[in-house]
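Q: This is the content of run12.pdb (PDB, C-alpha atoms):
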```pdb
MODEL        1
ATOM      1  CA  MET E   1     -36.487 -64.582  36.751
ATOM      2  CA  ALA E   2     -34.642 -66.420  39.526
ATOM      3  CA  ALA E   3     -32.038 -68.975  38.566
ATOM      4  CA  THR E   4     -29.890 -71.446  40.485
ATOM      5  CA  PRO E   5     -26.485 -72.697  39.317
ATOM      6  CA  PRO E   6     -25.542 -76.382  39.391
ATOM      7  CA  VAL E   7     -23.757 -77.885  42.388
ATOM      8  CA  CYS E   8     -19.981 -77.711  42.639
ATOM      9  CA  ASP E   9     -18.083 -79.806  40.102
ATOM     10  CA  PHE E  10     -15.041 -80.367  42.331
ATOM     11  CA  GLY E  11     -11.762 -80.184  40.418
ATOM     12  CA  TRP E  12     -13.240 -78.521  37.300
ATOM     13  CA  LYS E  13     -10.406 -76.505  35.787
ATOM     14  CA  ALA E  14     -11.404 -72.887  35.278
ATOM     15  CA  PRO E  15     -10.828 -71.601  31.733
ATOM     16  CA  GLY E  16      -8.752 -68.464  31.372
ATOM     17  CA  PHE E  17     -10.031 -65.101  30.259
ATOM     18  CA  ASP E  18      -8.789 -61.688  29.179
ATOM     19  CA  LEU E  19     -11.339 -58.952  29.853
ATOM     20  CA  PRO E  20     -11.454 -55.172  30.203
ATOM     21  CA  ALA E  21     -11.763 -53.893  33.758
ATOM     22  CA  THR E  22     -13.677 -50.796  34.776
ATOM     23  CA  ASP E  23     -10.351 -49.050  35.554
ATOM     24  CA  GLY E  24      -9.221 -49.354  31.920
ATOM     25  CA  ARG E  25      -6.847 -52.311  32.334
ATOM     26  CA  ARG E  26      -7.224 -55.692  30.638
ATOM     27  CA  LEU E  27      -6.931 -58.545  33.122
ATOM     28  CA  SER E  28      -6.585 -62.281  32.788
ATOM     29  CA  LEU E  29      -7.457 -65.008  35.251
ATOM     30  CA  ALA E  30      -3.736 -65.250  36.054
ATOM     31  CA  ASP E  31      -3.664 -61.498  36.800
ATOM     32  CA  VAL E  32      -6.458 -61.755  39.383
ATOM     33  CA  ALA E  33      -5.476 -65.124  40.893
ATOM     34  CA  GLY E  34      -4.224 -65.145  44.463
ATOM     35  CA  PRO E  35      -1.478 -67.357  45.903
ATOM     36  CA  GLN E  36      -4.032 -69.162  48.109
ATOM     37  CA  GLY E  37      -6.944 -69.306  45.653
ATOM     38  CA  THR E  38      -9.273 -67.167  43.586
ATOM     39  CA  LEU E  39     -12.882 -66.073  43.839
ATOM     40  CA  VAL E  40     -14.576 -65.148  40.561
ATOM     41  CA  MET E  41     -18.069 -63.699  40.958
ATOM     42  CA  PHE E  42     -20.590 -63.115  38.202
ATOM     43  CA  ILE E  43     -22.563 -60.074  39.320
ATOM     44  CA  CYS E  44     -24.329 -57.136  37.702
ATOM     45  CA  ASN E  45     -25.540 -53.659  38.572
ATOM     46  CA  HIS E  46     -29.309 -54.120  38.512
ATOM     47  CA  CYS E  47     -30.024 -57.502  40.136
ATOM     48  CA  PRO E  48     -31.858 -57.216  43.478
ATOM     49  CA  TYR E  49     -30.083 -60.369  44.720
ATOM     50  CA  VAL E  50     -26.692 -58.712  44.147
ATOM     51  CA  LEU E  51     -27.746 -55.315  45.460
ATOM     52  CA  ALA E  52     -29.144 -56.885  48.655
ATOM     53  CA  VAL E  53     -25.712 -58.261  49.582
ATOM     54  CA  LEU E  54     -23.246 -55.990  47.792
ATOM     55  CA  ASP E  55     -21.885 -54.573  51.047
ATOM     56  CA  ARG E  56     -21.337 -58.136  52.317
ATOM     57  CA  ILE E  57     -19.612 -59.104  49.051
ATOM     58  CA  ILE E  58     -17.264 -56.122  49.437
ATOM     59  CA  ARG E  59     -16.598 -56.994  53.107
ATOM     60  CA  ASP E  60     -15.854 -60.646  52.323
ATOM     61  CA  ALA E  61     -13.706 -59.797  49.297
ATOM     62  CA  THR E  62     -11.582 -57.446  51.379
ATOM     63  CA  GLU E  63     -11.105 -60.034  54.124
ATOM     64  CA  LEU E  64     -10.368 -62.824  51.628
ATOM     65  CA  GLN E  65      -7.742 -60.752  49.853
ATOM     66  CA  ALA E  66      -5.972 -60.369  53.209
ATOM     67  CA  LEU E  67      -5.818 -64.202  53.309
ATOM     68  CA  GLY E  68      -4.147 -64.396  49.878
ATOM     69  CA  VAL E  69      -7.300 -65.061  47.847
ATOM     70  CA  GLY E  70      -7.565 -63.154  44.583
ATOM     71  CA  VAL E  71     -11.012 -61.714  43.874
ATOM     72  CA  ALA E  72     -12.644 -60.454  40.684
ATOM     73  CA  ALA E  73     -16.199 -59.770  39.547
ATOM     74  CA  ILE E  74     -17.510 -60.150  36.009
ATOM     75  CA  CYS E  75     -20.640 -58.645  34.459
ATOM     76  CA  ALA E  76     -21.814 -60.519  31.373
ATOM     77  CA  ASN E  77     -25.365 -59.224  31.020
ATOM     78  CA  ASP E  78     -26.634 -57.894  27.706
ATOM     79  CA  ALA E  79     -26.510 -54.118  28.188
ATOM     80  CA  THR E  80     -28.812 -53.619  25.186
ATOM     81  CA  THR E  81     -31.733 -55.090  27.105
ATOM     82  CA  HIS E  82     -30.399 -54.115  30.554
ATOM     83  CA  PRO E  83     -28.693 -50.698  30.222
ATOM     84  CA  ASP E  84     -27.990 -50.526  33.965
ATOM     85  CA  ASP E  85     -25.348 -53.185  33.251
ATOM     86  CA  SER E  86     -23.473 -51.173  30.601
ATOM     87  CA  TYR E  87     -19.707 -50.768  30.876
ATOM     88  CA  GLU E  88     -20.162 -47.087  31.798
ATOM     89  CA  ASN E  89     -22.588 -47.973  34.595
ATOM     90  CA  MET E  90     -20.227 -50.727  35.762
ATOM     91  CA  GLN E  91     -17.473 -48.104  35.990
ATOM     92  CA  ARG E  92     -19.759 -45.817  37.985
ATOM     93  CA  MET E  93     -20.783 -48.555  40.430
ATOM     94  CA  ALA E  94     -17.197 -49.728  40.981
ATOM     95  CA  VAL E  95     -16.169 -46.201  41.957
ATOM     96  CA  GLU E  96     -19.276 -45.363  43.992
ATOM     97  CA  LYS E  97     -19.085 -48.586  45.993
ATOM     98  CA  GLY E  98     -15.281 -48.581  46.221
ATOM     99  CA  PHE E  99     -14.877 -52.109  44.874
ATOM    100  CA  PRO E 100     -11.681 -53.607  46.338
ATOM    101  CA  PHE E 101     -11.559 -56.029  43.376
ATOM    102  CA  PRO E 102     -11.499 -55.636  39.592
ATOM    103  CA  TYR E 103     -14.910 -55.445  37.903
ATOM    104  CA  LEU E 104     -14.603 -57.015  34.452
ATOM    105  CA  HIS E 105     -16.837 -56.637  31.407
ATOM    106  CA  ASP E 106     -17.687 -59.788  29.435
ATOM    107  CA  GLU E 107     -19.460 -58.041  26.563
ATOM    108  CA  SER E 108     -19.286 -61.081  24.244
ATOM    109  CA  GLN E 109     -20.540 -63.353  27.052
ATOM    110  CA  ALA E 110     -17.909 -65.917  26.011
ATOM    111  CA  VAL E 111     -16.459 -66.138  29.525
ATOM    112  CA  ALA E 112     -19.870 -66.539  31.162
ATOM    113  CA  ARG E 113     -20.642 -69.355  28.710
ATOM    114  CA  ALA E 114     -17.254 -71.042  29.220
ATOM    115  CA  TRP E 115     -17.754 -70.914  32.981
ATOM    116  CA  ASP E 116     -21.418 -71.973  32.689
ATOM    117  CA  ALA E 117     -22.477 -68.973  34.770
ATOM    118  CA  ALA E 118     -26.162 -69.217  35.592
ATOM    119  CA  CYS E 119     -27.146 -66.239  37.705
ATOM    120  CA  THR E 120     -26.093 -63.100  39.504
ATOM    121  CA  PRO E 121     -24.558 -63.590  41.934
ATOM    122  CA  ASP E 122     -22.776 -66.800  40.917
ATOM    123  CA  PHE E 123     -19.632 -67.564  42.929
ATOM    124  CA  PHE E 124     -16.731 -69.706  41.704
ATOM    125  CA  GLY E 125     -14.186 -70.523  44.406
ATOM    126  CA  LEU E 126     -10.935 -71.894  43.007
ATOM    127  CA  ASN E 127      -7.972 -73.337  44.843
ATOM    128  CA  ALA E 128      -4.390 -72.244  44.112
ATOM    129  CA  ALA E 129      -4.265 -74.765  41.229
ATOM    130  CA  GLY E 130      -7.288 -73.102  39.580
ATOM    131  CA  GLU E 131      -9.626 -75.992  40.360
ATOM    132  CA  LEU E 132     -13.224 -75.377  41.392
ATOM    133  CA  GLN E 133     -13.843 -76.057  45.077
ATOM    134  CA  TYR E 134     -16.882 -73.870  45.834
ATOM    135  CA  ARG E 135     -20.011 -73.019  43.854
ATOM    136  CA  GLY E 136     -22.303 -72.027  46.677
ATOM    137  CA  ARG E 137     -24.021 -68.960  48.017
ATOM    138  CA  LEU E 138     -22.717 -65.968  49.928
ATOM    139  CA  ASP E 139     -25.047 -66.609  52.838
ATOM    140  CA  ALA E 140     -28.739 -67.221  53.493
ATOM    141  CA  SER E 141     -29.760 -63.930  51.836
ATOM    142  CA  GLY E 142     -32.107 -63.810  48.857
ATOM    143  CA  ARG E 143     -33.783 -60.842  47.173
ATOM    144  CA  THR E 144     -33.358 -59.096  50.505
ATOM    145  CA  ALA E 145     -30.420 -59.290  52.867
ATOM    146  CA  GLY E 146     -30.567 -62.069  55.428
ATOM    147  CA  PRO E 147     -29.932 -61.455  59.128
ATOM    148  CA  ALA E 148     -26.787 -59.494  59.969
ATOM    149  CA  ASP E 149     -25.436 -62.528  61.812
ATOM    150  CA  ALA E 150     -26.078 -64.967  58.921
ATOM    151  CA  ARG E 151     -23.406 -67.623  58.561
ATOM    152  CA  ARG E 152     -20.772 -66.388  56.087
ATOM    153  CA  GLU E 153     -20.801 -69.488  53.888
ATOM    154  CA  LEU E 154     -18.726 -68.072  51.013
ATOM    155  CA  PHE E 155     -16.131 -66.542  53.327
ATOM    156  CA  GLU E 156     -15.807 -69.735  55.379
ATOM    157  CA  ALA E 157     -15.502 -71.879  52.238
ATOM    158  CA  MET E 158     -12.842 -69.656  50.673
ATOM    159  CA  LYS E 159     -10.906 -69.511  53.961
ATOM    160  CA  LEU E 160     -10.943 -73.321  54.035
ATOM    161  CA  ILE E 161      -9.785 -73.453  50.407
ATOM    162  CA  ALA E 162      -6.971 -70.993  51.183
ATOM    163  CA  GLU E 163      -5.855 -73.167  54.111
ATOM    164  CA  THR E 164      -6.325 -76.674  52.651
ATOM    165  CA  GLY E 165      -6.898 -76.399  48.891
ATOM    166  CA  HIS E 166     -10.280 -78.089  49.297
ATOM    167  CA  GLY E 167     -13.788 -76.692  49.648
ATOM    168  CA  PRO E 168     -16.538 -77.927  51.954
ATOM    169  CA  ALA E 169     -18.387 -81.086  50.899
ATOM    170  CA  GLU E 170     -21.751 -79.509  51.747
ATOM    171  CA  GLN E 171     -22.675 -76.420  49.736
ATOM    172  CA  VAL E 172     -25.952 -74.586  49.192
ATOM    173  CA  ALA E 173     -26.303 -73.237  45.646
ATOM    174  CA  SER E 174     -26.525 -69.519  45.078
ATOM    175  CA  MET E 175     -29.737 -68.013  43.763
ATOM    176  CA  GLY E 176     -30.213 -64.859  41.753
ATOM    177  CA  CYS E 177     -31.349 -63.274  38.533
ATOM    178  CA  SER E 178     -30.596 -65.276  35.417
ATOM    179  CA  ILE E 179     -27.747 -64.085  33.201
ATOM    180  CA  LYS E 180     -29.271 -61.787  30.562
ATOM    181  CA  TRP E 181     -28.074 -63.561  27.426
ATOM    182  CA  LYS E 182     -27.955 -61.810  24.070
ATOM    183  CA  ALA E 183     -30.466 -62.929  21.460
ATOM    184  CA  ALA E 184     -29.075 -65.701  19.278
TER     185      ALA E 184
ENDMDL
END
```
What is this file in structure tokens?
A:
Amino acid sequence: MAATPPVCDFGWKAPGFDLPATDGRRLSLADVAGPQGTLVMFICNHCPYVLAVLDRIIRDATELQALGVGVAAICANDATTHPDDSYENMQRMAVEKGFPFPYLHDESQAVARAWDAACTPDFFGLNAAGELQYRGRLDASGRTAGPADARRELFEAMKLIAETGHGPAEQVASMGCSIKWKAA
């Protein structure tokens, strides 16, 4: 089922986390933060919205890291109902795709809840002070990749944040599969 996150709550202070990464390390928000800002993405292995743009996410993450932006991805889906999103399958995908960023496992879903993550992909662009400045989409893609020359909205926003500390006033919300929450 498609979901859309809320619009950017400028200045919202991102809560910290301490999660296992697919490479065996435990990483905190401070560990993944960059000197010019941080991009935290909620993604997963099975979502067609993520899979349609995964190569673009990897491209943008690599280019943003070169600008001093820290990048990390978090999978919070319930692997009981969605086994493609298990920690072992996350490890496999990170290696197969050559993720240039840590891929973190939020098994308890506490981080996804604290961040109010709504869908995959859900992008949180923070400035160097850890304040939310972007909660928009990657580009105009949906369940299938948009045109190759689609405007790189996420990249442009994070570049602006790295340069000025502030995100763009106009943002188009991301859209994707809803987070697969565990039964209460």
Q: Could you tell me how far CA of Asp60 (chain E) lies from CA of Glu107 (chain E), in Å and to one decimal?
A: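 Rounded to one decimal, the two atoms are 26.1 Å apart.
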Q: Looking at E:Val40, E:Ala157, E:Ala140, E:Leu51, which one is nearest to Ala169 (chain E), with distances taken over only C-alpha atoms?
A: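 Going through E:Val40, E:Ala157, E:Ala140, E:Leu51 one by one, the smallest distance to Ala169 (chain E) is for E:Ala157.
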Q: Please write as a VMD selection string the full residue list that the PyMOL selection byres ((chain E and resi 76) around 12) yields on this file.
A: chain E and resid 19 to 20 41 to 45 73 to 75 77 to 80 82 85 to 87 90 103 to 122 178 to 182
Q: From the options E:Gly146, E:Pro168, E:Gly125, E:Pro48, which residue's atoms come nearest to Ala2 (chain E), counting only C-alpha atoms?
A: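 Once distances to Ala2 (chain E) are computed over only C-alpha atoms, the minimum belongs to E:Pro48.
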Q: So, counting only C-alpha atoms, which residue among E:Met175, E:Ala94, E:Ala128, E:Leu160 is closest to Arg143 (chain E)?
A: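 Checking each of E:Met175, E:Ala94, E:Ala128, E:Leu160 against Arg143 (chain E), counting only C-alpha atoms, the winner is E:Met175.
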Q: For CA of Gly165 (chain E) and CA of Leu67 (chain E), determine how far apart the two atoms are, in Å to one decimal place.
A: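 Rounded to one decimal, the two atoms are 13.0 Å apart.
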Q: I need the residue nearest Val69 (chain E) from this list: E:Leu39, E:Ala21, E:Leu132, E:Leu29. Use all atoms listed in the file for the distance.
A: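 With all atoms listed in the file as the atom set, the closest residue is E:Leu39.
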Q: Spell out the residues picked by the PyMOL selection byres ((chain E and resi 10-13) around 10) here, as a VMD selection string.
A: chain E and resid 7 to 9 14 to 16 115 126 to 127 129 to 135 166 to 167 169
Q: Give me the residues near Arg59 (chain E) as JSON, numbers by chain, where near means some atom within 10 Å (using all atoms listed in the file) and where sequence neighbours in that chain fewer than 4 positions away do not count.
A: {"E": [53, 54, 55, 63, 64, 99, 100, 155]}
Q: Rounded to one decimal, what separation in Å do you get between CA of Gly24 (chain E) and CA of Met93 (chain E)?
A: 14.4 Å
Q: Hey, which of E:Phe17, E:Glu156, E:Asp149, E:Asp139 ends up closest to Ala173 (chain E)? Count only C-alpha atoms.
A: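 Nearest to Ala173 (chain E): E:Asp139.
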Q: Determine the nearest neighbour of Thr81 (chain E) from the options E:Lys97, E:Thr144, E:Gln36, E:His46, counting only C-alpha atoms.
A: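 Under the stated criterion, the closest residue is E:His46.
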Q: Return as lines of an AutoDock Vina configuration file the box centre and box size in Å, one decimal, for an axis-aligned box around all listed atoms of region 14-20 of chain E padded by 5 Å per side.
A:
```
center_x = -10.1
center_y = -64.0
center_z = 32.2
size_x = 12.7
size_y = 27.7
size_z = 16.1
```
Q: Show which residues sit within 8 Å of Ser174 (chain E), as a list in words. Count all atoms listed in the file, and ignore same-chain residues fewer than 2 positions away.
A: Thr4, Pro5, Pro121, Asp122, Phe123, Arg135, Gly136, Arg137, Leu138, Val172 and Gly176 of chain E
